[in-house]
Amino acid sequence: VQLQASGGGLAQAGDSLTLSCAASGRTSNNYHMAWFRQAPGKAREFVAAITWSSSTSYIDSVKGRFTISRDNAKKTMNLQMNSLKPEDTAIYYCAAGVSGSTWNYWGQGTQVTVSS
């Protein structure tokens, strides 16, 4: 399975960005998918996840601002990010796995930079 993340860029506080993750290879609609991020000097952290049945979960700091979604027919996953804050600045990675606790596949990351 290969994952390709895209959609990052420069934004100002309060702006919106949409990240996309395209899956290819031996994919399965049964995979859970997720977004993680890593800010400079910090450990990678979970941001949001979506199960094969489209149940979602979010880290507290993005609840109400970010929305994760998936299109199984197109093998894509999106992260709609609204009301961006400078603390959202990070490299964002998409991931896929057979369970919600094991992420077997990772994308290459896309940079999101939010200025105040």
# chains A, B, ... in the order shown; residues from 1 in each chain; ligands from 1
call {"tool": "residues_around", "arguments": {"residues": "segment 60-71 of chain A", "least_positions_apart": "5", "cutoff": "10 Å", "atoms": "only C-alpha atoms", "output": "PyMOL selection string"}}
result
chain A and resi 16-22+29+33-35+47-55+76-85+87-88
call {"tool": "residues_around", "arguments": {"residues": "Ala11 of chain A", "least_positions_apart": "3", "cutoff": "7 Å", "atoms": "only C-alpha atoms", "output": "VMD selection string"}}
result
chain A and resid 15 113 to 115
call {"tool": "write_last_selection", "arguments": {"atoms": "all heavy atoms", "output": "PDB file, in the first residue's frame"}}
result
ATOM      1  N   ASP A  15      -7.342  30.885   8.513  1.00  0.00           N
ATOM      2  CA  ASP A  15      -7.575  30.353   7.174  1.00  0.00           C
ATOM      3  C   ASP A  15      -7.954  28.875   7.242  1.00  0.00           C
ATOM      4  O   ASP A  15      -7.915  28.242   8.304  1.00  0.00           O
ATOM      5  CB  ASP A  15      -6.322  30.504   6.316  1.00  0.00           C
ATOM      6  CG  ASP A  15      -6.113  31.932   5.838  1.00  0.00           C
ATOM      7  OD1 ASP A  15      -7.015  32.772   6.033  1.00  0.00           O
ATOM      8  OD2 ASP A  15      -5.028  32.193   5.258  1.00  0.00           O
ATOM      9  N   THR A 113       2.145  25.304   7.245  1.00  0.00           N
ATOM     10  CA  THR A 113       2.726  26.407   8.010  1.00  0.00           C
ATOM     11  C   THR A 113       1.679  27.491   8.174  1.00  0.00           C
ATOM     12  O   THR A 113       1.139  27.991   7.184  1.00  0.00           O
ATOM     13  CB  THR A 113       3.956  26.983   7.306  1.00  0.00           C
ATOM     14  OG1 THR A 113       4.922  25.941   7.114  1.00  0.00           O
ATOM     15  CG2 THR A 113       4.581  28.091   8.153  1.00  0.00           C
ATOM     16  N   VAL A 114       1.384  27.827   9.428  1.00  0.00           N
ATOM     17  CA  VAL A 114       0.361  28.831   9.727  1.00  0.00           C
ATOM     18  C   VAL A 114       1.027  30.008  10.420  1.00  0.00           C
ATOM     19  O   VAL A 114       1.645  29.847  11.472  1.00  0.00           O
ATOM     20  CB  VAL A 114      -0.752  28.251  10.611  1.00  0.00           C
ATOM     21  CG1 VAL A 114      -1.848  29.296  10.830  1.00  0.00           C
ATOM     22  CG2 VAL A 114      -1.329  26.989   9.997  1.00  0.00           C
ATOM     23  N   SER A 115       0.889  31.180   9.845  1.00  0.00           N
ATOM     24  CA  SER A 115       1.474  32.379  10.434  1.00  0.00           C
ATOM     25  C   SER A 115       0.403  33.166  11.183  1.00  0.00           C
ATOM     26  O   SER A 115      -0.777  33.125  10.841  1.00  0.00           O
ATOM     27  CB  SER A 115       2.100  33.240   9.349  1.00  0.00           C
ATOM     28  OG  SER A 115       1.121  33.657   8.410  1.00  0.00           O
TER      29      SER A 115
END
call {"tool": "atom_distance", "arguments": {"atom1": "atom CA of Tyr31 of chain A", "atom2": "atom CA of Gly8 of chain A"}}
result
23.5 Å
call {"tool": "closest_residue", "arguments": {"among": "A:Ala95, A:Thr27, A:Thr110, A:Val1", "to": "Phe46 of chain A", "atoms": "only C-alpha atoms"}}
result
A:Ala95
call {"tool": "atom_distance", "arguments": {"atom1": "atom CA of Tyr92 of chain A", "atom2": "atom CA of Val112 of chain A"}}
result
7.0 Å
call {"tool": "atom_distance", "arguments": {"atom1": "atom CA of Arg44 of chain A", "atom2": "atom CA of Ser99 of chain A"}}
result
18.6 Å
call {"tool": "closest_residue", "arguments": {"among": "A:Lys75, A:Lys42, A:His32, A:Arg26", "to": "Gly100 of chain A", "atoms": "only C-alpha atoms"}}
result
A:His32
call {"tool": "select_by_dssp", "arguments": {"residues": "chain A", "states": "strand (DSSP E)", "output": "ChimeraX atom specification"}}
result
/A:2-6,9-12,17-24,32-38,45-50,56-58,66-71,76-81,90-97,105-106,110-115
call {"tool": "closest_residue", "arguments": {"among": "A:Thr89, A:Tyr105, A:Val98, A:Gln111", "to": "Gln2 of chain A", "atoms": "only C-alpha atoms"}}
result
A:Tyr105
call {"tool": "closest_residue", "arguments": {"among": "A:Asn72, A:Ser28, A:Leu3, A:Glu45", "to": "Tyr58 of chain A", "atoms": "only C-alpha atoms"}}
result
A:Glu45
call {"tool": "closest_residue", "arguments": {"among": "A:Asn30, A:Phe36, A:Gly7, A:Ile59", "to": "Cys94 of chain A", "atoms": "only C-alpha atoms"}}
result
A:Phe36
call {"tool": "closest_residue", "arguments": {"among": "A:Gly41, A:Gly25, A:Pro86, A:Gly109", "to": "Gln12 of chain A", "atoms": "only C-alpha atoms"}}
result
A:Pro86
call {"tool": "decode", "arguments": {"residues": "segment 45-59 of chain A", "atoms": "all heavy atoms", "output": "PDB file, in the first residue's frame"}}
result
ATOM      1  N   GLU A  45       2.393  13.325  16.642  1.00  0.00           N
ATOM      2  CA  GLU A  45       1.188  13.145  17.430  1.00  0.00           C
ATOM      3  C   GLU A  45      -0.002  12.820  16.529  1.00  0.00           C
ATOM      4  O   GLU A  45      -0.085  13.236  15.379  1.00  0.00           O
ATOM      5  CB  GLU A  45       0.877  14.401  18.264  1.00  0.00           C
ATOM      6  CG  GLU A  45       0.466  15.616  17.473  1.00  0.00           C
ATOM      7  CD  GLU A  45       0.001  16.779  18.350  1.00  0.00           C
ATOM      8  OE1 GLU A  45      -0.085  16.624  19.587  1.00  0.00           O
ATOM      9  OE2 GLU A  45      -0.293  17.855  17.782  1.00  0.00           O
ATOM     10  N   PHE A  46      -0.926  12.069  17.114  1.00  0.00           N
ATOM     11  CA  PHE A  46      -2.174  11.747  16.438  1.00  0.00           C
ATOM     12  C   PHE A  46      -3.027  13.000  16.290  1.00  0.00           C
ATOM     13  O   PHE A  46      -3.091  13.824  17.202  1.00  0.00           O
ATOM     14  CB  PHE A  46      -2.917  10.698  17.269  1.00  0.00           C
ATOM     15  CG  PHE A  46      -4.350  10.499  16.894  1.00  0.00           C
ATOM     16  CD1 PHE A  46      -4.686   9.669  15.842  1.00  0.00           C
ATOM     17  CD2 PHE A  46      -5.356  11.149  17.589  1.00  0.00           C
ATOM     18  CE1 PHE A  46      -6.012   9.479  15.495  1.00  0.00           C
ATOM     19  CE2 PHE A  46      -6.682  10.971  17.251  1.00  0.00           C
ATOM     20  CZ  PHE A  46      -7.012  10.131  16.205  1.00  0.00           C
ATOM     21  N   VAL A  47      -3.689  13.150  15.136  1.00  0.00           N
ATOM     22  CA  VAL A  47      -4.572  14.287  14.910  1.00  0.00           C
ATOM     23  C   VAL A  47      -6.021  13.827  14.771  1.00  0.00           C
ATOM     24  O   VAL A  47      -6.906  14.318  15.467  1.00  0.00           O
ATOM     25  CB  VAL A  47      -4.166  15.068  13.643  1.00  0.00           C
ATOM     26  CG1 VAL A  47      -5.161  16.195  13.366  1.00  0.00           C
ATOM     27  CG2 VAL A  47      -2.757  15.612  13.783  1.00  0.00           C
ATOM     28  N   ALA A  48      -6.267  12.883  13.866  1.00  0.00           N
ATOM     29  CA  ALA A  48      -7.631  12.429  13.613  1.00  0.00           C
ATOM     30  C   ALA A  48      -7.587  11.069  12.942  1.00  0.00           C
ATOM     31  O   ALA A  48      -6.608  10.741  12.272  1.00  0.00           O
ATOM     32  CB  ALA A  48      -8.383  13.414  12.724  1.00  0.00           C
ATOM     33  N   ALA A  49      -8.649  10.303  13.133  1.00  0.00           N
ATOM     34  CA  ALA A  49      -8.736   8.981  12.517  1.00  0.00           C
ATOM     35  C   ALA A  49     -10.155   8.732  12.041  1.00  0.00           C
ATOM     36  O   ALA A  49     -11.120   9.321  12.558  1.00  0.00           O
ATOM     37  CB  ALA A  49      -8.309   7.897  13.493  1.00  0.00           C
ATOM     38  N   ILE A  50     -10.253   7.847  11.065  1.00  0.00           N
ATOM     39  CA  ILE A  50     -11.558   7.453  10.545  1.00  0.00           C
ATOM     40  C   ILE A  50     -11.522   5.958  10.276  1.00  0.00           C
ATOM     41  O   ILE A  50     -10.591   5.447   9.663  1.00  0.00           O
ATOM     42  CB  ILE A  50     -11.921   8.270   9.276  1.00  0.00           C
ATOM     43  CG1 ILE A  50     -13.343   7.952   8.820  1.00  0.00           C
ATOM     44  CG2 ILE A  50     -10.899   8.080   8.161  1.00  0.00           C
ATOM     45  CD1 ILE A  50     -13.889   8.965   7.804  1.00  0.00           C
ATOM     46  N   THR A  51     -12.514   5.253  10.784  1.00  0.00           N
ATOM     47  CA  THR A  51     -12.558   3.803  10.604  1.00  0.00           C
ATOM     48  C   THR A  51     -13.092   3.454   9.222  1.00  0.00           C
ATOM     49  O   THR A  51     -13.551   4.316   8.474  1.00  0.00           O
ATOM     50  CB  THR A  51     -13.444   3.156  11.672  1.00  0.00           C
ATOM     51  OG1 THR A  51     -14.814   3.530  11.416  1.00  0.00           O
ATOM     52  CG2 THR A  51     -13.047   3.602  13.072  1.00  0.00           C
ATOM     53  N   TRP A  52     -13.076   2.171   8.939  1.00  0.00           N
ATOM     54  CA  TRP A  52     -13.589   1.722   7.640  1.00  0.00           C
ATOM     55  C   TRP A  52     -15.071   2.065   7.498  1.00  0.00           C
ATOM     56  O   TRP A  52     -15.577   2.242   6.385  1.00  0.00           O
ATOM     57  CB  TRP A  52     -13.373   0.219   7.479  1.00  0.00           C
ATOM     58  CG  TRP A  52     -14.124  -0.602   8.485  1.00  0.00           C
ATOM     59  CD1 TRP A  52     -13.691  -0.994   9.711  1.00  0.00           C
ATOM     60  CD2 TRP A  52     -15.454  -1.115   8.356  1.00  0.00           C
ATOM     61  NE1 TRP A  52     -14.656  -1.718  10.353  1.00  0.00           N
ATOM     62  CE2 TRP A  52     -15.756  -1.813   9.548  1.00  0.00           C
ATOM     63  CE3 TRP A  52     -16.420  -1.074   7.348  1.00  0.00           C
ATOM     64  CZ2 TRP A  52     -16.971  -2.448   9.758  1.00  0.00           C
ATOM     65  CZ3 TRP A  52     -17.638  -1.713   7.553  1.00  0.00           C
ATOM     66  CH2 TRP A  52     -17.900  -2.390   8.757  1.00  0.00           C
ATOM     67  N   SER A  53     -15.778   2.178   8.636  1.00  0.00           N
ATOM     68  CA  SER A  53     -17.206   2.506   8.609  1.00  0.00           C
ATOM     69  C   SER A  53     -17.464   3.989   8.835  1.00  0.00           C
ATOM     70  O   SER A  53     -18.603   4.393   9.064  1.00  0.00           O
ATOM     71  CB  SER A  53     -17.941   1.691   9.675  1.00  0.00           C
ATOM     72  OG  SER A  53     -17.430   1.987  10.961  1.00  0.00           O
ATOM     73  N   SER A  54     -16.390   4.785   8.763  1.00  0.00           N
ATOM     74  CA  SER A  54     -16.459   6.252   8.853  1.00  0.00           C
ATOM     75  C   SER A  54     -16.761   6.796  10.238  1.00  0.00           C
ATOM     76  O   SER A  54     -17.196   7.949  10.359  1.00  0.00           O
ATOM     77  CB  SER A  54     -17.431   6.826   7.822  1.00  0.00           C
ATOM     78  OG  SER A  54     -16.963   6.583   6.512  1.00  0.00           O
ATOM     79  N   SER A  55     -16.503   6.027  11.280  1.00  0.00           N
ATOM     80  CA  SER A  55     -16.497   6.604  12.623  1.00  0.00           C
ATOM     81  C   SER A  55     -15.222   7.420  12.766  1.00  0.00           C
ATOM     82  O   SER A  55     -14.170   7.021  12.281  1.00  0.00           O
ATOM     83  CB  SER A  55     -16.537   5.504  13.681  1.00  0.00           C
ATOM     84  OG  SER A  55     -17.751   4.801  13.616  1.00  0.00           O
ATOM     85  N   THR A  56     -15.339   8.564  13.445  1.00  0.00           N
ATOM     86  CA  THR A  56     -14.193   9.467  13.521  1.00  0.00           C
ATOM     87  C   THR A  56     -13.781   9.756  14.955  1.00  0.00           C
ATOM     88  O   THR A  56     -14.572   9.626  15.896  1.00  0.00           O
ATOM     89  CB  THR A  56     -14.513  10.796  12.821  1.00  0.00           C
ATOM     90  OG1 THR A  56     -15.644  11.408  13.462  1.00  0.00           O
ATOM     91  CG2 THR A  56     -14.811  10.582  11.353  1.00  0.00           C
ATOM     92  N   SER A  57     -12.526  10.153  15.108  1.00  0.00           N
ATOM     93  CA  SER A  57     -12.009  10.592  16.399  1.00  0.00           C
ATOM     94  C   SER A  57     -10.972  11.679  16.149  1.00  0.00           C
ATOM     95  O   SER A  57     -10.339  11.706  15.089  1.00  0.00           O
ATOM     96  CB  SER A  57     -11.406   9.432  17.177  1.00  0.00           C
ATOM     97  OG  SER A  57     -10.363   8.813  16.449  1.00  0.00           O
ATOM     98  N   TYR A  58     -10.809  12.566  17.127  1.00  0.00           N
ATOM     99  CA  TYR A  58      -9.921  13.717  16.984  1.00  0.00           C
ATOM    100  C   TYR A  58      -9.171  13.994  18.272  1.00  0.00           C
ATOM    101  O   TYR A  58      -9.662  13.730  19.376  1.00  0.00           O
ATOM    102  CB  TYR A  58     -10.741  14.974  16.651  1.00  0.00           C
ATOM    103  CG  TYR A  58     -11.544  14.900  15.380  1.00  0.00           C
ATOM    104  CD1 TYR A  58     -12.852  14.417  15.390  1.00  0.00           C
ATOM    105  CD2 TYR A  58     -11.003  15.314  14.167  1.00  0.00           C
ATOM    106  CE1 TYR A  58     -13.592  14.343  14.219  1.00  0.00           C
ATOM    107  CE2 TYR A  58     -11.740  15.256  12.997  1.00  0.00           C
ATOM    108  CZ  TYR A  58     -13.034  14.775  13.032  1.00  0.00           C
ATOM    109  OH  TYR A  58     -13.758  14.707  11.866  1.00  0.00           O
ATOM    110  N   ILE A  59      -7.996  14.556  18.120  1.00  0.00           N
ATOM    111  CA  ILE A  59      -7.305  15.088  19.272  1.00  0.00           C
ATOM    112  C   ILE A  59      -8.078  16.325  19.736  1.00  0.00           C
ATOM    113  O   ILE A  59      -8.692  17.038  18.924  1.00  0.00           O
ATOM    114  CB  ILE A  59      -5.841  15.450  18.904  1.00  0.00           C
ATOM    115  CG1 ILE A  59      -5.016  15.750  20.127  1.00  0.00           C
ATOM    116  CG2 ILE A  59      -5.809  16.593  17.928  1.00  0.00           C
ATOM    117  CD1 ILE A  59      -3.531  15.952  19.817  1.00  0.00           C
TER     118      ILE A  59
END
